[in-house]
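One file, target.csv, is given below (CSV, C-alpha atoms).
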chain,number,residue,atom,x,y,z
A,708,MET,CA,-20.0,10.8,-34.8
A,709,SER,CA,-22.3,9.0,-32.3
A,710,ALA,CA,-25.3,7.6,-34.1
A,711,GLU,CA,-27.4,7.9,-30.9
A,712,SER,CA,-26.7,11.5,-30.0
A,713,GLY,CA,-25.6,13.1,-33.2
A,714,HIS,CA,-22.5,14.4,-31.5
A,715,LEU,CA,-18.9,13.4,-31.6
A,716,GLY,CA,-18.1,10.1,-29.8
A,717,GLU,CA,-15.5,9.8,-27.0
A,718,GLU,CA,-12.7,8.7,-29.3
A,719,LEU,CA,-13.3,11.7,-31.7
A,720,LEU,CA,-13.5,14.1,-28.8
A,721,ARG,CA,-10.1,12.8,-27.5
A,722,ARG,CA,-8.5,13.1,-30.9
A,723,ALA,CA,-9.8,16.7,-31.2
A,724,ALA,CA,-8.5,17.5,-27.7
A,725,ARG,CA,-5.1,16.1,-28.7
A,726,GLY,CA,-5.0,18.5,-31.7
A,727,GLU,CA,-5.3,15.7,-34.3
A,728,GLU,CA,-6.9,16.6,-37.6
A,729,LEU,CA,-10.4,15.2,-38.0
A,730,GLU,CA,-12.2,14.3,-41.2
A,731,SER,CA,-13.9,17.3,-42.8
A,732,GLU,CA,-17.5,16.3,-41.8
A,733,TRP,CA,-16.5,16.0,-38.1
A,734,GLN,CA,-14.5,19.2,-38.3
A,735,ALA,CA,-17.6,20.9,-39.7
A,736,HIS,CA,-19.8,19.5,-36.9
A,737,LEU,CA,-17.3,20.7,-34.2
A,738,ALA,CA,-17.3,24.2,-35.7
A,739,ASP,CA,-21.1,24.3,-35.4
A,740,CYS,CA,-21.7,22.4,-32.2
A,741,THR,CA,-21.2,24.3,-28.9
A,742,SER,CA,-21.7,21.2,-26.8
A,743,CYS,CA,-18.9,19.2,-28.5
A,744,ARG,CA,-16.5,22.2,-28.4
A,745,GLU,CA,-17.1,22.6,-24.7
A,746,GLU,CA,-16.3,18.9,-24.2
A,747,VAL,CA,-13.1,19.2,-26.3
A,748,ASP,CA,-12.1,22.3,-24.3
A,749,LEU,CA,-12.6,20.5,-21.0
A,750,LEU,CA,-10.6,17.6,-22.2
A,751,ARG,CA,-7.7,19.9,-23.2
A,752,ALA,CA,-7.8,21.6,-19.9
A,753,LEU,CA,-7.7,18.3,-18.0
A,754,HIS,CA,-5.0,16.9,-20.2
A,755,GLY,CA,-2.8,20.0,-19.6
A,756,ALA,CA,-3.3,19.7,-15.9
A,757,VAL,CA,-2.3,16.1,-15.6
A,758,THR,CA,1.4,15.2,-14.9
A,759,VAL,CA,2.3,11.8,-16.2
A,760,GLY,CA,2.6,9.2,-13.4
A,761,GLN,CA,1.5,11.7,-10.7
A,762,ARG,CA,-1.7,12.4,-8.9
A,763,SER,CA,-1.7,16.2,-9.4
A,764,GLY,CA,-4.0,19.0,-10.6
A,765,PRO,CA,-7.6,18.0,-10.7
A,766,CYS,CA,-7.2,14.3,-10.1
A,767,PRO,CA,-10.2,13.0,-8.0
A,768,ASP,CA,-9.5,11.1,-4.8
A,769,ASP,CA,-9.8,7.4,-4.6
A,770,LEU,CA,-13.3,7.4,-2.9
A,771,LEU,CA,-14.7,9.5,-5.8
A,772,LEU,CA,-13.1,7.2,-8.3
A,773,ALA,CA,-14.7,4.2,-6.4
A,774,ARG,CA,-18.1,5.8,-6.5
A,775,PHE,CA,-17.6,6.5,-10.3
A,776,ALA,CA,-16.7,2.8,-10.8
A,777,GLN,CA,-19.9,1.9,-8.9
A,778,GLY,CA,-22.1,4.3,-10.9
A,779,ASP,CA,-22.9,6.2,-7.7
A,780,LEU,CA,-22.4,9.8,-9.0
A,781,SER,CA,-24.8,12.4,-10.4
A,782,SER,CA,-24.8,12.7,-14.2
A,783,SER,CA,-22.8,15.9,-14.1
A,784,GLU,CA,-20.2,14.4,-11.7
A,785,GLU,CA,-20.0,11.3,-13.8
A,786,ASN,CA,-19.4,13.3,-17.0
A,787,GLU,CA,-16.7,15.3,-15.4
A,788,ILE,CA,-14.9,12.3,-13.8
A,789,GLY,CA,-15.4,10.3,-17.0
A,790,LEU,CA,-13.7,13.0,-19.1
A,791,HIS,CA,-10.8,13.2,-16.7
A,792,VAL,CA,-10.3,9.4,-16.6
A,793,SER,CA,-10.3,9.3,-20.4
A,794,VAL,CA,-7.1,11.4,-20.5
A,795,CYS,CA,-5.4,10.9,-17.2
A,796,ARG,CA,-2.6,8.3,-17.3
A,797,THR,CA,-2.8,7.8,-13.6
A,798,CYS,CA,-6.5,7.8,-13.0
A,799,GLY,CA,-7.3,5.8,-16.1
A,800,PRO,CA,-5.6,2.6,-15.0
A,801,LEU,CA,-6.7,3.1,-11.4
A,802,HIS,CA,-10.3,3.4,-12.5
A,803,GLU,CA,-10.0,0.2,-14.6
A,804,SER,CA,-8.7,-1.6,-11.5
A,805,LEU,CA,-11.6,-0.3,-9.4
A,806,ARG,CA,-14.1,-1.2,-12.1
A,807,GLU,CA,-12.8,-4.8,-12.2
A,808,ALA,CA,-12.7,-5.0,-8.5
A,809,THR,CA,-16.3,-3.6,-8.2
A,810,GLU,CA,-17.5,-6.2,-10.6
A,811,SER,CA,-15.8,-9.1,-8.9
A,812,ALA,CA,-16.9,-8.0,-5.5
A,813,GLY,CA,-20.5,-7.6,-6.4
A,814,GLY,CA,-20.6,-3.8,-6.4
A,815,LEU,CA,-18.3,-3.2,-3.4
A,816,PRO,CA,-14.9,-1.9,-4.7
A,817,VAL,CA,-11.5,-2.8,-3.3
A,818,LEU,CA,-9.4,0.4,-3.3
A,819,PRO,CA,-5.9,-0.2,-4.7
A,820,LEU,CA,-3.1,2.2,-3.8
A,821,PRO,CA,-2.3,4.8,-6.5
A,822,GLY,CA,0.5,3.8,-8.9
A,823,PRO,CA,3.4,5.9,-7.4
A,824,ILE,CA,2.5,4.6,-3.9
A,825,VAL,CA,2.4,1.0,-5.1
A,826,ARG,CA,5.8,1.4,-6.6
A,827,LEU,CA,7.2,2.8,-3.3
A,828,THR,CA,5.6,0.1,-1.3
A,829,GLU,CA,7.1,-2.6,-3.5
A,830,ARG,CA,10.5,-1.0,-3.2
A,831,LEU,CA,10.3,-0.9,0.6
A,832,ALA,CA,9.1,-4.5,0.8
A,833,ALA,CA,12.0,-5.5,-1.5
A,834,LEU,CA,14.5,-4.3,1.2
A,835,VAL,CA,13.3,-6.9,3.7
A,836,GLN,CA,15.2,-10.2,4.0
A,837,PHE,CA,13.2,-11.7,6.8
A,838,GLU,CA,14.4,-14.8,8.8
A,839,MET,CA,12.6,-16.2,11.8
A,840,PRO,CA,14.8,-15.2,14.9
A,841,MET,CA,16.1,-18.1,16.8
A,842,SER,CA,18.9,-17.1,19.3
A,843,LEU,CA,16.6,-15.6,22.0
A,844,ALA,CA,14.0,-18.3,21.5
A,845,MET,CA,16.3,-20.8,23.3
A,846,GLN,CA,16.2,-18.6,26.5
A,847,ALA,CA,12.7,-17.1,26.2
A,848,ARG,CA,10.8,-17.3,29.5
A,849,SER,CA,7.4,-16.4,30.7
A,850,ALA,CA,6.6,-13.2,32.7
A,851,THR,CA,3.6,-14.8,34.3
A,852,ALA,CA,2.7,-17.8,36.4
A,853,GLY,CA,0.0,-20.4,36.0
A,854,ALA,CA,-1.9,-21.3,32.8
A,855,ALA,CA,-0.5,-18.5,30.7
A,856,SER,CA,3.0,-19.5,31.6
A,857,LEU,CA,2.4,-23.2,30.6
A,858,VAL,CA,0.8,-22.2,27.3
A,859,PHE,CA,3.7,-19.8,26.5
A,860,ALA,CA,6.2,-22.5,27.2
A,861,LYS,CA,4.4,-24.9,24.9
A,862,ALA,CA,4.2,-22.3,22.2
A,863,MET,CA,7.9,-21.6,22.4
A,864,GLU,CA,8.7,-25.3,22.2
A,865,SER,CA,6.7,-25.4,18.9
A,866,TYR,CA,8.6,-22.3,17.8
A,867,ARG,CA,12.0,-23.8,18.5
A,868,GLU,CA,11.0,-26.9,16.6
A,869,GLY,CA,10.0,-24.9,13.6
A,870,ARG,CA,6.2,-25.5,13.9
A,871,HIS,CA,5.5,-21.8,13.5
A,872,ASP,CA,1.7,-22.1,12.8
A,873,ASP,CA,1.3,-24.0,16.1
A,874,ALA,CA,3.5,-21.4,17.8
A,875,LEU,CA,1.4,-18.6,16.4
A,876,GLN,CA,-1.8,-20.2,17.8
A,877,GLY,CA,-0.1,-20.9,21.1
A,878,LEU,CA,1.3,-17.4,21.5
A,879,GLU,CA,-2.0,-15.8,20.7
A,880,GLU,CA,-3.6,-18.0,23.3
A,881,ALA,CA,-0.9,-17.2,25.9
A,882,ILE,CA,-1.2,-13.5,25.3
A,883,GLY,CA,-4.9,-13.7,25.6
A,884,ALA,CA,-4.5,-15.5,28.9
A,885,GLY,CA,-2.4,-12.7,30.3
A,886,GLU,CA,1.2,-13.5,29.2
A,887,ASP,CA,2.8,-10.0,29.0
A,888,SER,CA,6.5,-10.6,28.5
A,889,ALA,CA,8.3,-8.6,25.7
A,890,ALA,CA,9.5,-11.9,24.4
A,891,ALA,CA,5.9,-13.2,23.9
A,892,SER,CA,5.0,-10.1,21.8
A,893,TYR,CA,8.3,-10.4,19.9
A,894,PHE,CA,7.9,-14.0,18.8
A,895,PHE,CA,4.2,-13.5,18.2
A,896,GLY,CA,5.1,-10.7,15.9
A,897,ALA,CA,7.7,-12.9,14.1
A,898,CYS,CA,5.0,-15.6,13.6
A,899,LEU,CA,2.5,-13.0,12.3
A,900,LEU,CA,5.2,-11.6,9.9
A,901,ARG,CA,5.9,-15.1,8.6
A,902,ALA,CA,2.1,-15.5,8.0
A,903,GLY,CA,2.0,-12.3,6.0
A,904,ARG,CA,-0.1,-10.4,8.6
A,905,HIS,CA,2.1,-7.4,8.5
A,906,ALA,CA,-0.1,-4.8,10.3
A,907,GLU,CA,-0.7,-7.2,13.2
A,908,ALA,CA,3.0,-8.0,13.3
A,909,SER,CA,3.8,-4.3,13.6
A,910,GLU,CA,1.5,-3.9,16.5
A,911,ALA,CA,3.0,-6.9,18.3
A,912,PHE,CA,6.5,-5.5,17.8
A,913,ARG,CA,5.3,-2.1,18.9
A,914,THR,CA,4.3,-3.7,22.2
A,915,ALA,CA,7.6,-5.6,22.4
A,916,VAL,CA,9.7,-2.5,22.0
A,917,GLY,CA,7.5,-0.7,24.4
A,918,ARG,CA,8.4,-3.3,27.1
A,919,ALA,CA,12.0,-3.7,26.1
A,920,GLY,CA,13.1,-0.6,24.4
A,921,LYS,CA,16.8,-1.4,24.7
A,922,ARG,CA,16.4,-4.5,22.5
A,923,GLY,CA,17.8,-3.3,19.2
A,924,ASP,CA,17.0,-6.7,17.6
A,925,TYR,CA,13.3,-6.1,18.5
A,926,ARG,CA,13.5,-2.7,16.8
A,927,LEU,CA,15.2,-4.2,13.7
A,928,LEU,CA,12.4,-6.7,13.2
A,929,PHE,CA,9.8,-4.0,13.9
A,930,ALA,CA,11.3,-1.9,11.2
A,931,GLN,CA,11.0,-4.7,8.7
A,932,ALA,CA,7.4,-5.2,9.5
A,933,LEU,CA,6.8,-1.5,8.9
A,934,LEU,CA,8.6,-1.7,5.6
A,935,LEU,CA,6.3,-4.5,4.5
A,936,GLU,CA,3.4,-2.2,5.4
A,937,GLY,CA,4.9,0.5,3.2
A,938,LYS,CA,5.6,2.8,6.2
A,939,GLY,CA,9.1,3.9,5.2
A,940,GLU,CA,9.5,6.9,7.4
A,941,GLU,CA,8.4,5.1,10.6
A,942,ALA,CA,10.7,2.2,9.7
A,943,GLN,CA,13.5,4.7,9.2
A,944,ALA,CA,13.0,6.1,12.7
A,945,GLU,CA,13.0,2.6,14.2
A,946,LEU,CA,16.2,1.7,12.4
A,947,GLN,CA,17.9,4.9,13.7
A,948,ARG,CA,16.9,3.8,17.2
A,949,ALA,CA,18.2,0.3,16.6
A,950,THR,CA,21.6,1.6,15.4
A,951,ARG,CA,22.0,3.4,18.7
A,952,VAL,CA,21.6,0.2,20.8
A,953,PRO,CA,24.8,-2.0,21.1
A,954,GLY,CA,24.4,-5.5,19.9
A,955,ALA,CA,25.0,-7.9,17.0
A,956,HIS,CA,22.0,-6.4,15.2
A,957,ARG,CA,23.7,-3.0,14.6
A,958,LYS,CA,25.5,-3.9,11.4
A,959,ALA,CA,22.3,-5.2,9.8
A,960,ALA,CA,20.3,-2.2,11.0
A,961,ARG,CA,22.9,0.2,9.6
A,962,GLU,CA,22.9,-1.5,6.2
A,963,LEU,CA,19.1,-1.6,6.0
A,964,LEU,CA,18.9,2.0,7.1
A,965,GLY,CA,21.3,3.1,4.3
A,966,GLU,CA,19.3,1.2,1.7
A,967,LEU,CA,16.1,2.6,3.0
A,968,GLU,CA,17.4,6.2,3.0
A,969,GLU,CA,18.5,5.8,-0.6
A,970,VAL,CA,15.0,4.6,-1.6
A,971,LEU,CA,13.3,7.4,0.3
A,972,GLY,CA,15.7,9.9,-1.1
A,973,ASN,CA,15.1,8.8,-4.7
A,974,ASP,CA,11.3,8.6,-4.4
Written as structure tokens, that's how I'd like the structure from this file.
Amino acid sequence: MSAESGHLGEELLRRAARGEELESEWQAHLADCTSCREEVDLLRALHGAVTVGQRSGPCPDDLLLARFAQGDLSSSEENEIGLHVSVCRTCGPLHESLREATESAGGLPVLPLPGPIVRLTERLAALVQFEMPMSLAMQARSATAGAASLVFAKAMESYREGRHDDALQGLEEAIGAGEDSAAASYFFGACLLRAGRHAEASEAFRTAVGRAGKRGDYRLLFAQALLLEGKGEEAQAELQRATRVPGAHRKAARELLGELEEVLGND
């Protein structure tokens, strides 16, 4: 029993909600206390509505959990979310992550993905076996004249020599100066992907396939960037397009598509 309130504490309430037998004095209190019985009933209702490992039933959304971690809810909302978090095997760990992130970020939480989504994201990323493309790099040419062309040529020289950080900087400069070849966007995307900037890489590859839609190798790398973002269905669509384009990439695209469809089908 809580010494401060005279009511059952959180652990006793959870035990009662799970149907565990309490010591006689606490059983007697529960029989006489309407407030504690209501909390036990709510805990039981929440527990029954929660499916292990899934965000179902009354689970709050991530923003509400973030506000709860920050202490930015009304007392009634805080009580309701607190009771839910205490029994939900999905929201409990998520709340703990949010609380720790809130503390480390000085009150501004970093929202992690919910557990099942994290697992899917990791499985999609595990499909990727990324290697920096080289064959086309030997023939890559600028689509422009003047300064942008010179910067692009220098960037591609860095790329061919394996100085990918220099190539990334040069390609970004060339594109900013007006270089608009599909190859520039493609190799820029490859450098971004190597740097772990997956979302930016996806946008660069999106531009590349928009300018050279018949390049199945572009689509294959685009799909891998999407996988690293956790965008399985969009990656699946790109791989399907890649398998319809003749070229040396088709075998790899078909194999990756089969693996991806198995992951998505089992999720």
Excluding Glu966 in chain A and residues on its chain fewer than 4 positions from it, collect all residues at most 12 Å away from it, counting all atoms listed in the file, and give them as a tab-separated table (two decimals) with C-alpha atoms, keeping the file's coordinate frame.
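Result file follows (selection-v5.tsv):
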chain	number	residue	atom	x	y	z
A	830	ARG	CA	10.50	-1.00	-3.20
A	831	LEU	CA	10.30	-0.90	0.60
A	832	ALA	CA	9.10	-4.50	0.80
A	833	ALA	CA	12.00	-5.50	-1.50
A	834	LEU	CA	14.50	-4.30	1.20
A	835	VAL	CA	13.30	-6.90	3.70
A	934	LEU	CA	8.60	-1.70	5.60
A	939	GLY	CA	9.10	3.90	5.20
A	942	ALA	CA	10.70	2.20	9.70
A	943	GLN	CA	13.50	4.70	9.20
A	946	LEU	CA	16.20	1.70	12.40
A	959	ALA	CA	22.30	-5.20	9.80
A	960	ALA	CA	20.30	-2.20	11.00
A	961	ARG	CA	22.90	0.20	9.60
A	962	GLU	CA	22.90	-1.50	6.20
A	970	VAL	CA	15.00	4.60	-1.60
A	971	LEU	CA	13.30	7.40	0.30
A	972	GLY	CA	15.70	9.90	-1.10
A	973	ASN	CA	15.10	8.80	-4.70
Can you list, as a VMD selection string, every protein, DNA or RNA residue that comes within 12 Å of Ala854 in chain A when you count all atoms listed in the file, leaving out same-chain residues fewer than 4 positions away?
-> chain A and resid 849 to 850 858 to 861 877 880 to 886
Polymer residues at most 12 Å from Arg926 in chain A, all atoms listed in the file, same-chain spacing of 2 or more positions, as an MDAnalysis selection string = chainID A and resid 889 893 896 909 911:924 928:933 941:952 954 956:957 959:960
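Between CA of Gln777 in chain A and CA of Leu790 in chain A the separation is 16.3 Å.
The gap separating CA of Leu900 in chain A from CA of Arg870 in chain A is 14.5 Å, in Å to one decimal.
We find CA of Ala955 in chain A and CA of Leu967 in chain A to be spaced 19.6 Å apart.
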